[in-house]
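The data block below is target.cif; it holds mmCIF, C-alpha atoms and all ligand atoms.
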```cif
data_final
#
loop_
_atom_site.label_atom_id
_atom_site.label_comp_id
_atom_site.auth_asym_id
_atom_site.auth_seq_id
_atom_site.Cartn_x
_atom_site.Cartn_y
_atom_site.Cartn_z
CA GLU A 1 7.46 5.21 -17.50
CA ILE A 2 6.34 7.57 -14.78
CA VAL A 3 4.65 6.79 -11.49
CA PHE A 4 2.97 9.73 -9.77
CA ILE A 5 2.30 9.56 -6.04
CA ALA A 6 -0.50 12.00 -5.37
CA LYS A 7 -1.11 14.14 -2.32
CA GLU A 8 -4.54 13.17 -0.99
CA THR A 9 -7.10 15.94 -1.35
CA ASP A 10 -9.58 14.63 1.22
CA ALA A 11 -9.19 16.61 4.45
CA HIS A 12 -9.70 13.45 6.53
CA GLU A 13 -7.01 11.48 4.76
CA GLY A 14 -3.60 11.46 6.38
CA ARG A 15 -2.30 8.46 4.51
CA VAL A 16 -0.14 8.51 1.39
CA ALA A 17 0.25 5.96 -1.39
CA GLY A 18 4.06 5.85 -1.29
CA SER A 19 6.71 5.27 1.34
CA VAL A 20 10.47 5.66 1.17
CA GLU A 21 10.70 1.88 0.80
CA SER A 22 8.06 1.68 -1.91
CA VAL A 23 9.63 4.49 -3.92
CA LYS A 24 12.95 2.65 -3.80
CA LYS A 25 11.20 -0.43 -5.08
CA LEU A 26 9.47 1.52 -7.86
CA LYS A 27 12.83 2.89 -8.95
CA SER A 28 14.32 -0.61 -9.00
CA LEU A 29 11.42 -1.74 -11.19
CA GLY A 30 12.50 0.86 -13.71
CA PHE A 31 9.98 3.65 -13.05
CA ASP A 32 10.62 7.34 -12.79
CA VAL A 33 8.83 8.48 -9.66
CA VAL A 34 7.25 11.87 -9.08
CA VAL A 35 5.86 12.61 -5.62
CA GLU A 36 3.47 15.52 -5.23
CA ALA A 37 4.98 18.03 -2.80
CA GLY A 38 3.83 17.48 0.77
CA ALA A 39 2.15 14.16 -0.06
CA GLY A 40 3.75 12.35 2.85
CA LEU A 41 3.71 15.06 5.48
CA ARG A 42 0.71 13.75 7.41
CA SER A 43 2.35 10.34 7.47
CA ARG A 44 5.60 11.87 8.69
CA ILE A 45 7.45 11.40 5.41
CA LEU A 46 9.27 14.54 4.28
CA ASP A 47 9.70 15.47 0.61
CA SER A 48 13.45 15.36 1.20
CA GLU A 49 13.24 11.71 2.24
CA TYR A 50 11.50 10.79 -1.00
CA GLU A 51 14.02 12.86 -2.90
CA LYS A 52 16.91 10.93 -1.37
CA THR A 53 15.52 7.76 -2.93
CA GLY A 54 15.70 9.35 -6.38
CA ALA A 55 12.11 10.53 -6.65
CA ARG A 56 11.38 13.97 -8.06
CA ILE A 57 9.12 16.27 -6.06
CA GLY A 58 6.45 17.73 -8.29
CA SER A 59 3.01 19.25 -8.19
CA ALA A 60 -0.50 18.20 -9.21
CA VAL A 61 0.16 19.13 -12.84
CA ASP A 62 2.73 16.35 -13.06
CA ALA A 63 -0.12 13.86 -12.84
CA ALA A 64 -0.81 14.67 -16.50
CA SER A 65 2.33 12.91 -17.69
CA ALA A 66 2.05 9.89 -15.38
CA ASP A 67 1.55 6.38 -16.72
CA VAL A 68 0.60 5.20 -13.25
CA VAL A 69 -1.08 7.26 -10.53
CA LEU A 70 -0.96 5.86 -7.01
CA LYS A 71 -3.52 7.17 -4.53
CA VAL A 72 -5.16 6.25 -1.26
CA ARG A 73 -8.66 7.40 -2.20
CA ARG A 74 -10.60 7.30 -5.44
CA PRO A 75 -9.72 10.39 -7.51
CA THR A 76 -12.26 13.20 -7.65
CA ASP A 77 -13.58 14.44 -11.00
CA ALA A 78 -11.12 17.34 -10.81
CA GLU A 79 -8.22 14.94 -10.25
CA ILE A 80 -9.39 12.65 -13.06
CA ALA A 81 -9.40 15.62 -15.42
CA GLY A 82 -5.68 16.01 -14.74
CA TYR A 83 -4.72 12.43 -15.73
CA LYS A 84 -3.83 11.32 -19.23
CA SER A 85 -6.04 8.90 -21.08
CA GLY A 86 -4.67 5.36 -20.79
CA ALA A 87 -3.10 5.95 -17.38
CA ILE A 88 -3.36 3.31 -14.68
CA VAL A 89 -4.85 4.55 -11.40
CA ILE A 90 -4.64 2.39 -8.31
CA ALA A 91 -6.45 3.32 -5.09
CA ILE A 92 -8.97 2.23 -2.50
CA MET A 93 -11.89 2.99 -4.83
CA ASP A 94 -14.86 2.40 -2.52
CA PRO A 95 -16.77 1.19 -5.61
CA TYR A 96 -20.04 -0.02 -4.10
CA GLY A 97 -22.75 2.54 -4.74
CA ASN A 98 -20.32 4.80 -6.59
CA GLU A 99 -21.11 3.66 -10.13
CA ALA A 100 -21.15 7.26 -11.47
CA ALA A 101 -17.61 7.85 -10.26
CA ILE A 102 -16.50 4.58 -11.85
CA ALA A 103 -18.14 5.59 -15.12
CA ALA A 104 -16.27 8.91 -14.96
CA MET A 105 -12.95 7.05 -14.75
CA ALA A 106 -13.98 4.89 -17.70
CA GLY A 107 -14.96 8.00 -19.64
CA ALA A 108 -11.53 9.51 -19.00
CA GLY A 109 -9.90 6.42 -20.51
CA LEU A 110 -8.29 5.36 -17.24
CA THR A 111 -7.46 1.82 -16.24
CA ALA A 112 -8.66 1.99 -12.65
CA PHE A 113 -7.93 -0.66 -10.05
CA ALA A 114 -9.75 -1.05 -6.74
CA MET A 115 -7.28 -2.44 -4.22
CA GLU A 116 -10.06 -3.57 -1.90
CA LEU A 117 -11.25 -6.09 -4.52
CA MET A 118 -7.98 -8.01 -4.37
CA PRO A 119 -8.79 -11.71 -4.10
CA ARG A 120 -7.87 -13.29 -0.79
CA ILE A 121 -5.52 -15.88 -2.17
CA THR A 122 -2.03 -16.71 -1.02
CA ARG A 123 -0.39 -14.99 -4.00
CA ALA A 124 -2.14 -11.72 -3.21
CA GLN A 125 -1.71 -11.70 0.57
CA SER A 126 0.97 -8.99 0.46
CA MET A 127 -1.37 -6.85 -1.67
CA ASP A 128 -4.37 -7.17 0.63
CA VAL A 129 -5.23 -3.63 1.73
CA LEU A 130 -8.34 -4.73 3.57
CA SER A 131 -6.13 -6.78 5.83
CA SER A 132 -3.28 -4.31 6.20
CA GLN A 133 -5.60 -1.43 7.02
CA ALA A 134 -8.19 -3.37 9.05
CA ASN A 135 -5.45 -4.79 11.23
CA LEU A 136 -4.38 -1.27 12.21
CA ALA A 137 -7.99 -0.14 12.56
CA GLY A 138 -8.59 -2.97 15.02
CA TYR A 139 -5.63 -1.84 17.07
CA GLN A 140 -6.66 1.81 16.92
CA ALA A 141 -10.23 0.97 17.94
CA VAL A 142 -8.96 -0.31 21.29
CA ILE A 143 -6.75 2.75 21.75
CA ASP A 144 -9.75 4.99 20.97
CA ALA A 145 -11.92 3.02 23.39
CA ALA A 146 -9.29 3.25 26.12
CA HIS A 147 -9.09 6.98 25.51
CA GLU A 148 -12.84 7.44 26.03
CA TYR A 149 -13.02 5.03 28.96
CA ASP A 150 -12.60 6.64 32.34
CA ARG A 151 -11.15 3.64 34.08
CA ALA A 152 -8.07 1.45 33.66
CA LEU A 153 -8.18 -1.57 31.37
CA PRO A 154 -5.86 -3.90 33.27
CA MET A 155 -6.51 -5.21 36.72
CA MET A 156 -4.21 -3.35 39.07
CA MET A 157 -3.49 -4.62 42.53
CA THR A 158 -2.08 -1.81 44.59
CA ALA A 159 -1.56 -1.01 48.23
CA ALA A 160 -4.54 1.30 47.91
CA GLY A 161 -6.80 -1.40 46.58
CA THR A 162 -7.59 -3.34 43.45
CA VAL A 163 -8.83 -1.89 40.18
CA PRO A 164 -10.80 -4.53 38.29
CA ALA A 165 -9.96 -5.42 34.69
CA ALA A 166 -12.23 -3.98 32.02
CA LYS A 167 -14.49 -6.37 30.12
CA VAL A 168 -14.14 -5.95 26.38
CA PHE A 169 -16.47 -7.57 23.84
CA VAL A 170 -15.44 -7.64 20.18
CA MET A 171 -18.20 -8.23 17.62
CA GLY A 172 -16.91 -9.51 14.30
CA ALA A 173 -13.66 -11.45 14.59
CA GLY A 174 -12.15 -10.88 11.15
CA VAL A 175 -8.88 -9.09 10.61
CA ALA A 176 -9.83 -5.95 12.58
CA GLY A 177 -11.63 -7.88 15.31
CA LEU A 178 -8.77 -10.31 15.90
CA GLN A 179 -6.31 -7.42 16.24
CA ALA A 180 -8.73 -5.66 18.59
CA ILE A 181 -8.88 -8.81 20.71
CA ALA A 182 -5.09 -9.10 20.78
CA THR A 183 -4.66 -5.42 21.64
CA ALA A 184 -7.26 -5.47 24.41
CA ARG A 185 -5.62 -8.58 25.84
CA ARG A 186 -2.22 -6.86 25.78
CA LEU A 187 -3.78 -4.05 27.78
CA GLY A 188 -4.99 -6.57 30.32
CA ALA A 189 -8.73 -6.58 29.58
CA VAL A 190 -10.94 -9.64 29.93
CA VAL A 191 -11.98 -10.22 26.33
CA SER A 192 -14.85 -12.04 24.64
CA ALA A 193 -15.82 -12.02 20.99
CA THR A 194 -18.47 -13.14 18.55
CA ASP A 195 -18.74 -13.85 14.84
CA VAL A 196 -21.04 -15.70 12.47
CA ARG A 197 -18.23 -17.63 10.77
CA PRO A 198 -17.31 -20.89 12.49
CA ALA A 199 -13.64 -20.44 11.51
CA ALA A 200 -13.51 -17.46 13.86
CA LYS A 201 -14.17 -19.63 16.91
CA GLU A 202 -10.73 -21.21 17.06
CA GLN A 203 -8.96 -17.96 16.17
CA VAL A 204 -10.72 -16.14 19.00
CA ALA A 205 -9.85 -18.91 21.45
CA SER A 206 -6.21 -18.94 20.34
CA LEU A 207 -5.95 -15.28 21.32
CA GLY A 208 -7.19 -16.08 24.78
CA ALA A 209 -10.68 -14.64 24.40
CA LYS A 210 -14.00 -16.32 25.05
CA PHE A 211 -16.12 -17.09 21.97
CA ILE A 212 -19.82 -16.34 22.14
CA ALA A 213 -22.18 -17.13 19.27
CA VAL A 214 -25.38 -18.82 18.21
CA GLU A 215 -23.83 -22.00 16.78
CA ASP A 216 -26.75 -23.43 14.78
CA GLU A 217 -26.89 -24.98 11.28
CA GLU A 218 -26.90 -21.56 9.62
CA PHE A 219 -23.76 -20.59 11.55
CA LYS A 220 -21.99 -23.71 10.25
CA ALA A 221 -22.59 -22.51 6.67
CA ALA A 222 -22.09 -18.78 7.17
CA GLU A 223 -18.68 -18.51 5.52
CA THR A 224 -18.49 -17.94 1.75
CA ALA A 225 -15.83 -19.59 -0.40
CA GLY A 226 -14.03 -16.24 -0.33
CA GLY A 227 -13.78 -16.37 3.47
CA TYR A 228 -16.36 -13.65 4.08
CA ALA A 229 -19.58 -13.72 6.09
CA LYS A 230 -22.98 -14.16 4.46
CA GLU A 231 -25.86 -11.90 5.38
CA MET A 232 -27.68 -13.87 8.08
CA SER A 233 -31.41 -14.67 8.07
CA LYS A 234 -33.89 -12.67 10.15
CA ASP A 235 -34.37 -15.75 12.31
CA TYR A 236 -30.63 -15.97 13.07
CA GLN A 237 -30.44 -12.26 13.76
CA VAL A 238 -33.17 -12.55 16.38
CA LYS A 239 -31.38 -15.40 18.15
CA GLN A 240 -28.06 -13.56 17.93
CA ALA A 241 -29.60 -10.37 19.33
CA ALA A 242 -30.99 -12.23 22.35
CA LEU A 243 -27.60 -13.75 23.14
CA VAL A 244 -25.78 -10.48 22.60
CA ALA A 245 -28.26 -8.45 24.67
CA GLU A 246 -27.60 -10.55 27.72
CA HIS A 247 -23.81 -10.52 27.28
CA ILE A 248 -23.43 -6.87 26.34
CA ALA A 249 -25.08 -5.63 29.53
CA LYS A 250 -22.08 -6.88 31.48
CA GLN A 251 -19.43 -5.29 29.26
CA ASP A 252 -17.41 -2.11 29.77
CA ILE A 253 -16.20 -1.73 26.19
CA VAL A 254 -17.74 -3.07 22.99
CA ILE A 255 -15.92 -2.90 19.66
CA THR A 256 -17.91 -3.75 16.55
CA THR A 257 -16.24 -4.61 13.24
CA ALA A 258 -18.87 -6.63 11.36
CA LEU A 259 -19.04 -6.18 7.60
CA ILE A 260 -20.60 -8.03 4.69
CA PRO A 261 -18.97 -7.32 1.31
CA GLY A 262 -21.19 -5.19 -0.92
CA ARG A 263 -23.98 -4.97 1.66
CA PRO A 264 -24.74 -2.50 4.45
CA ALA A 265 -23.11 -3.48 7.75
CA PRO A 266 -25.34 -5.66 9.93
CA ARG A 267 -27.03 -3.90 12.87
CA LEU A 268 -25.73 -5.72 15.93
CA VAL A 269 -26.21 -3.29 18.82
CA THR A 270 -29.63 -1.70 19.31
CA ARG A 271 -30.63 1.25 21.43
CA GLU A 272 -32.15 -1.17 23.98
CA MET A 273 -28.83 -2.96 24.29
CA LEU A 274 -27.04 0.36 24.84
CA ASP A 275 -29.62 1.22 27.51
CA ALA A 276 -28.82 -2.04 29.29
CA MET A 277 -25.10 -1.21 29.53
CA LYS A 278 -23.52 0.44 32.54
CA PRO A 279 -23.11 4.23 32.37
CA GLY A 280 -19.61 5.20 31.27
CA SER A 281 -19.27 2.18 29.03
CA VAL A 282 -17.77 2.75 25.59
CA VAL A 283 -18.90 1.36 22.24
CA VAL A 284 -16.65 1.76 19.19
CA ASP A 285 -18.33 1.18 15.80
CA LEU A 286 -15.67 0.45 13.19
CA ALA A 287 -18.40 -0.18 10.62
CA VAL A 288 -19.92 3.29 10.99
CA GLU A 289 -18.94 4.39 7.47
CA ARG A 290 -20.62 1.33 5.99
CA GLY A 291 -23.98 1.89 7.66
CA GLY A 292 -22.94 1.07 11.20
CA ASN A 293 -23.26 -1.91 13.53
CA VAL A 294 -24.50 0.30 16.37
CA GLU A 295 -27.80 2.15 16.50
CA GLY A 296 -27.15 5.84 17.15
CA ALA A 297 -23.51 5.80 16.06
CA GLU A 298 -22.63 8.90 14.06
CA THR A 299 -19.95 9.04 11.41
CA GLY A 300 -17.01 11.14 12.48
CA LYS A 301 -18.32 11.73 16.00
CA VAL A 302 -18.22 10.54 19.58
CA VAL A 303 -21.80 10.77 20.88
CA GLU A 304 -23.40 10.02 24.24
CA VAL A 305 -26.39 7.72 24.01
CA GLY A 306 -28.03 7.30 27.40
CA GLY A 307 -24.75 7.62 29.28
CA ILE A 308 -22.84 5.36 26.88
CA LYS A 309 -20.11 6.84 24.70
CA VAL A 310 -20.59 5.72 21.12
CA VAL A 311 -17.46 6.27 19.04
CA GLY A 312 -17.83 6.55 15.26
CA HIS A 313 -14.51 7.89 14.04
CA LEU A 314 -14.06 8.34 10.31
CA ASN A 315 -11.23 6.59 8.48
CA VAL A 316 -9.77 4.79 11.48
CA PRO A 317 -6.67 3.51 9.63
CA GLY A 318 -6.02 7.18 8.80
CA ARG A 319 -5.85 7.89 12.56
CA ILE A 320 -2.68 5.84 12.59
CA ALA A 321 -1.58 7.21 9.24
CA ALA A 322 2.18 6.78 9.40
CA SER A 323 1.89 3.04 10.06
CA ALA A 324 -1.03 2.61 7.68
CA SER A 325 0.83 4.35 4.83
CA LEU A 326 3.85 2.08 5.17
CA LEU A 327 1.72 -1.03 4.79
CA TYR A 328 -0.54 0.43 2.10
CA ALA A 329 2.40 1.59 0.00
CA LYS A 330 3.88 -1.89 0.20
CA ASN A 331 0.55 -3.42 -0.89
CA LEU A 332 0.45 -1.07 -3.91
CA VAL A 333 3.98 -1.61 -5.12
CA THR A 334 3.67 -5.37 -4.78
CA PHE A 335 0.57 -5.27 -7.00
CA LEU A 336 2.14 -2.91 -9.52
CA GLU A 337 5.16 -5.19 -9.75
CA THR A 338 2.90 -7.93 -11.17
CA MET A 339 2.14 -5.62 -14.11
CA VAL A 340 5.77 -4.99 -15.03
CA SER A 341 7.57 -7.24 -17.51
CA LYS A 342 10.77 -8.67 -16.00
CA GLU A 343 12.51 -8.62 -19.39
CA THR A 344 11.66 -5.16 -20.65
CA LYS A 345 11.01 -3.45 -17.30
CA ALA A 346 7.98 -1.88 -19.00
CA LEU A 347 4.32 -2.04 -18.05
CA ALA A 348 2.78 -5.12 -19.62
CA LEU A 349 -0.78 -5.25 -18.39
CA ASN A 350 -2.40 -8.66 -18.74
CA MET A 351 -6.16 -8.22 -18.48
CA GLU A 352 -6.53 -12.00 -18.09
CA ASP A 353 -4.44 -12.15 -14.90
CA GLU A 354 -6.71 -13.13 -12.03
CA LEU A 355 -5.58 -10.25 -9.82
CA VAL A 356 -6.18 -7.78 -12.64
CA LYS A 357 -9.55 -9.31 -13.46
CA ALA A 358 -10.68 -9.10 -9.85
CA THR A 359 -9.62 -5.51 -9.29
CA ALA A 360 -9.91 -3.70 -12.66
CA LEU A 361 -12.95 -1.43 -12.66
CA THR A 362 -12.36 0.35 -15.98
CA HIS A 363 -10.20 -0.15 -19.04
CA GLY A 364 -10.16 1.03 -22.64
CA GLY A 365 -12.91 3.58 -22.10
CA ALA A 366 -15.36 1.15 -20.53
CA VAL A 367 -16.39 -0.22 -17.14
CA VAL A 368 -15.02 -3.76 -17.20
CA HIS A 369 -15.86 -5.13 -13.74
CA PRO A 370 -18.99 -7.30 -13.88
CA ALA A 371 -20.08 -6.24 -10.37
CA PHE A 372 -20.21 -2.56 -11.39
CA GLY A 373 -21.88 -2.59 -14.77
CA GLY A 374 -19.14 -4.21 -16.86
CA ALA A 375 -20.01 -6.99 -19.30
CA LYS A 376 -20.77 -10.29 -17.56
CA GLU A 377 -18.48 -13.14 -18.47
P1 LIG B 1 -14.96 -8.32 7.03
O1 LIG B 1 -14.21 -7.05 7.24
O2 LIG B 1 -15.74 -8.48 5.78
O3 LIG B 1 -15.94 -8.53 8.26
C1 LIG B 1 -15.47 -8.46 9.59
C2 LIG B 1 -16.00 -9.61 10.39
O4 LIG B 1 -17.40 -9.42 10.67
C3 LIG B 1 -15.90 -10.97 9.70
O5 LIG B 1 -15.18 -11.85 10.52
C4 LIG B 1 -17.35 -11.39 9.54
O6 LIG B 1 -17.52 -12.80 9.62
C5 LIG B 1 -18.00 -10.68 10.69
N1 LIG B 1 -19.47 -10.56 10.60
C6 LIG B 1 -20.24 -10.32 9.50
N2 LIG B 1 -21.55 -10.30 9.83
C7 LIG B 1 -21.60 -10.54 11.17
C8 LIG B 1 -22.68 -10.63 12.09
N3 LIG B 1 -23.95 -10.51 11.71
N4 LIG B 1 -22.38 -10.89 13.38
C9 LIG B 1 -21.09 -11.03 13.79
N5 LIG B 1 -20.04 -10.94 12.96
C10 LIG B 1 -20.29 -10.70 11.66
O7 LIG B 1 -13.98 -9.56 7.15
P2 LIG B 1 -12.40 -9.56 7.14
O8 LIG B 1 -11.91 -9.12 8.44
O9 LIG B 1 -11.94 -8.83 5.95
O10 LIG B 1 -12.00 -11.08 6.94
C11 LIG B 1 -12.82 -12.19 7.03
C12 LIG B 1 -11.93 -13.42 6.98
O11 LIG B 1 -11.29 -13.54 5.70
C13 LIG B 1 -10.74 -13.42 7.93
O12 LIG B 1 -11.00 -13.68 9.23
C14 LIG B 1 -9.85 -14.47 7.30
O13 LIG B 1 -10.21 -15.76 7.70
C15 LIG B 1 -10.11 -14.28 5.85
N6 LIG B 1 -8.96 -13.61 5.24
C16 LIG B 1 -8.18 -14.30 4.38
C17 LIG B 1 -7.09 -13.69 3.78
C18 LIG B 1 -6.23 -14.42 2.82
O14 LIG B 1 -6.38 -15.61 2.67
N7 LIG B 1 -5.34 -13.76 2.14
C19 LIG B 1 -6.79 -12.38 4.07
C20 LIG B 1 -7.59 -11.70 4.98
C21 LIG B 1 -8.67 -12.32 5.54
#
```
Once more with this new file: its structure as structure tokens, please.
Ligand code: NAD
Amino acid sequence: EIVFIAKETDAHEGRVAGSVESVKKLKSLGFDVVVEAGAGLRSRILDSEYEKTGARIGSAVDAASADVVLKVRRPTDAEIAGYKSGAIVIAIMDPYGNEAAIAAMAGAGLTAFAMELMPRITRAQSMDVLSSQANLAGYQAVIDAAHEYDRALPMMMTAAGTVPAAKVFVMGAGVAGLQAIATARRLGAVVSATDVRPAAKEQVASLGAKFIAVEDEEFKAAETAGGYAKEMSKDYQVKQAALVAEHIAKQDIVITTALIPGRPAPRLVTREMLDAMKPGSVVVDLAVERGGNVEGAETGKVVEVGGIKVVGHLNVPGRIAASASLLYAKNLVTFLETMVSKETKALALNMEDELVKATALTHGGAVVHPAFGGAKE
């Protein structure tokens, strides 16, 4: 059976769905691997490196004979038209609000898997793309903030005087936020953080940052069984905004990472809060593509809002593509391995497997995921 590793067609996408390591693994699982020419270039993987692992370098037309297509982004209609009916396609599908695109994959007879729907259970930890990519995004957010900030982050005591440490506030202490805290601490900043999930409190403290939150009854129940945040009530949001407004005015750098699965990102930083910050402060909105945590943040841009730099880079994991691709490729191959029979070394898809059930969007010509129009169980 053939696995095709596609070259991403989106101009903003530097990542690739296969690494040298993952191709080796695919070969050992019994697959023939075809890598589209140039697929890895933006992640610093040369065609010749893939070739050395036994992969064949091909072109987009080779997708037509693939049993499995590995991608970073959801295939476009043009790409879908090039795949054979019955093929498995695995990517970050961005399914919410993209029901038409999902229907198109169903119509083409594809079995499409959305990696971001992987359940957060121990067995699937090594397949968790939200974690692998968010971790790097959290790191990169601090690097981007430091780049826009016109002062030093660490305190520096020199013969010529002392430079004070920057104050960094991280909003949303999930995977990205915790890595942002750790990175800002490594750079010597004084770090505080907030979240609505009580579990975050200890994690923030263990990284040496100060935890700031409205810790009322609603806060105590804000974590879903899946480990995600609930959308908070208006009442909570008002209390949170008051606390944040006071704190944020004293910060030099704010990094926001707050997301709610399947919902627009919560608005955490208003224009008034930006106005209260010191000129030259930097705000990085990692949620900008999901509606934004920061009022005035613009997708794909760094904008000045009343003297504050508001950073809204697109595809932040893609800004650190070579690292992100390594981890993403590993996530993919680990998932694909669960679909391969150990005895026959052939694909043996079990639609009842809990990982398959959670991530399969389309199968057998139909949308199968209940959250996106598939039949309810
Ligand atoms: P996420 O990307 O969905 O959200 C980012 C953070 O924003 C979360 O911590 C969330 O609580 C926070 N947030 C949401 N609304 C907010 C608001 N109004 N104000 C402030 N913060 C808000 O979350 P995530 O980073 O993917 O992970 C959430 C948690 O899931 C992790 O911290 C971890 O405990 C758990 N997790 C478990 C596994 C696993 O078991 N395999 C893997 C990864 C993460």
Listing only residues of chain A within 6 Å of ligand LIG 1 (chain B), what is the closest atom pair and its distance in Å (to one decimal) for each, using only C-alpha atoms and all ligand atoms, sorted by chain and residue number ascending, as CSV?
```
residue,atom,partner,partner_atom,distance
A:Arg120,CA,B:LIG1,N7,3.9
A:Ile121,CA,B:LIG1,N7,4.8
A:Thr122,CA,B:LIG1,N7,5.4
A:Gln125,CA,B:LIG1,N7,4.5
A:Leu130,CA,B:LIG1,O9,6.0
A:Ser131,CA,B:LIG1,C20,5.2
A:Met171,CA,B:LIG1,C9,5.6
A:Gly172,CA,B:LIG1,O4,3.7
A:Ala173,CA,B:LIG1,O5,4.4
A:Gly174,CA,B:LIG1,O8,3.2
A:Val175,CA,B:LIG1,O8,3.7
A:Ala176,CA,B:LIG1,O8,5.6
A:Thr194,CA,B:LIG1,C9,5.8
A:Asp195,CA,B:LIG1,N5,3.7
A:Val196,CA,B:LIG1,C9,4.9
A:Arg197,CA,B:LIG1,O6,5.0
A:Gly227,CA,B:LIG1,O11,4.4
A:Tyr228,CA,B:LIG1,C11,4.8
A:Ala229,CA,B:LIG1,O6,4.2
A:Thr257,CA,B:LIG1,C1,5.4
A:Ala258,CA,B:LIG1,O4,3.2
A:Leu259,CA,B:LIG1,O3,3.9
A:Ile260,CA,B:LIG1,O2,5.0
A:Pro261,CA,B:LIG1,O2,5.6
A:Pro266,CA,B:LIG1,N3,5.4
```
Report as JSON lines the residues of stretch 68-147 of chain A within 9 Å of stretch 285-304 of chain A, each with its shortest atom pair and distance in Å (one decimal), using all atoms listed in the file, ordered by chain and increasing residue number.
```
{"residue": "A:Ala137", "atom": "CA", "partner": "A:Leu286", "partner_atom": "CA", "distance": 7.7}
{"residue": "A:Gly138", "atom": "CA", "partner": "A:Leu286", "partner_atom": "CA", "distance": 8.1}
{"residue": "A:Ala141", "atom": "CA", "partner": "A:Leu286", "partner_atom": "CA", "distance": 7.2}
```
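Here atom CA of A:Ala322 and atom CA of A:Ser19 stand 9.4 Å from one another.
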For A:Met127, the closest of A:Ala114, A:Met105, A:Ala160, A:Ile80 counting only C-alpha atoms is A:Ala114
From atom CA of A:Ser126 to atom CA of A:Lys201 the spacing works out at 24.8 Å
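Using only C-alpha atoms, the contacts of stretch 46-57 of chain A at a cut-off of 8 Å, with sequence neighbours closer than 3 positions omitted, comprise Ser19, Val20, Val23, Lys24, Lys27, Asp32, Val33, Val34, Val35, Glu36, Ala37, Gly38, Ala39, Gly40 and Leu41 of chain A.
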For A:Tyr328, the nearest of the candidates A:Pro75, A:Lys357, A:Met115, A:Glu13, counting all atoms listed in the file |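 So, comparing all the options, the nearest one is A:Met115.
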- Query: Please, which residues are within 6 Å of (-8.2, -9.6, -4.5) by the file's coordinates, counting only C-alpha atoms, and could they come as a ChimeraX atom specification?
  - Reply: /A:117-120,355,358
Correct to one decimal, the distance atom CA of A:Thr256-atom CA of A:Val16 is 26.4 Å
For A:Glu1, list every protein, DNA or RNA residue within 9 Å, evaluated using only C-alpha atoms, and leave out those in the same chain fewer than 4 positions away; present the list as a list in words. Gly30, Phe31, Asp32, Val33, Ala66, Asp67, Val68, Ala346 and Leu347 of chain A
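Minimum atom-to-atom distance to A:His313, evaluated using only C-alpha atoms, belongs to A:Asp144 out of A:Asp62, A:Asp144, A:Glu343, A:Glu272.
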>> Calculated over all atoms listed in the file, which of the candidates A:Ala78, A:Val283, A:Leu314, A:Ala6 has the smallest distance to A:Tyr149?
In response: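 Comparing A:Ala78, A:Val283, A:Leu314, A:Ala6 against A:Tyr149, the winner is A:Val283.
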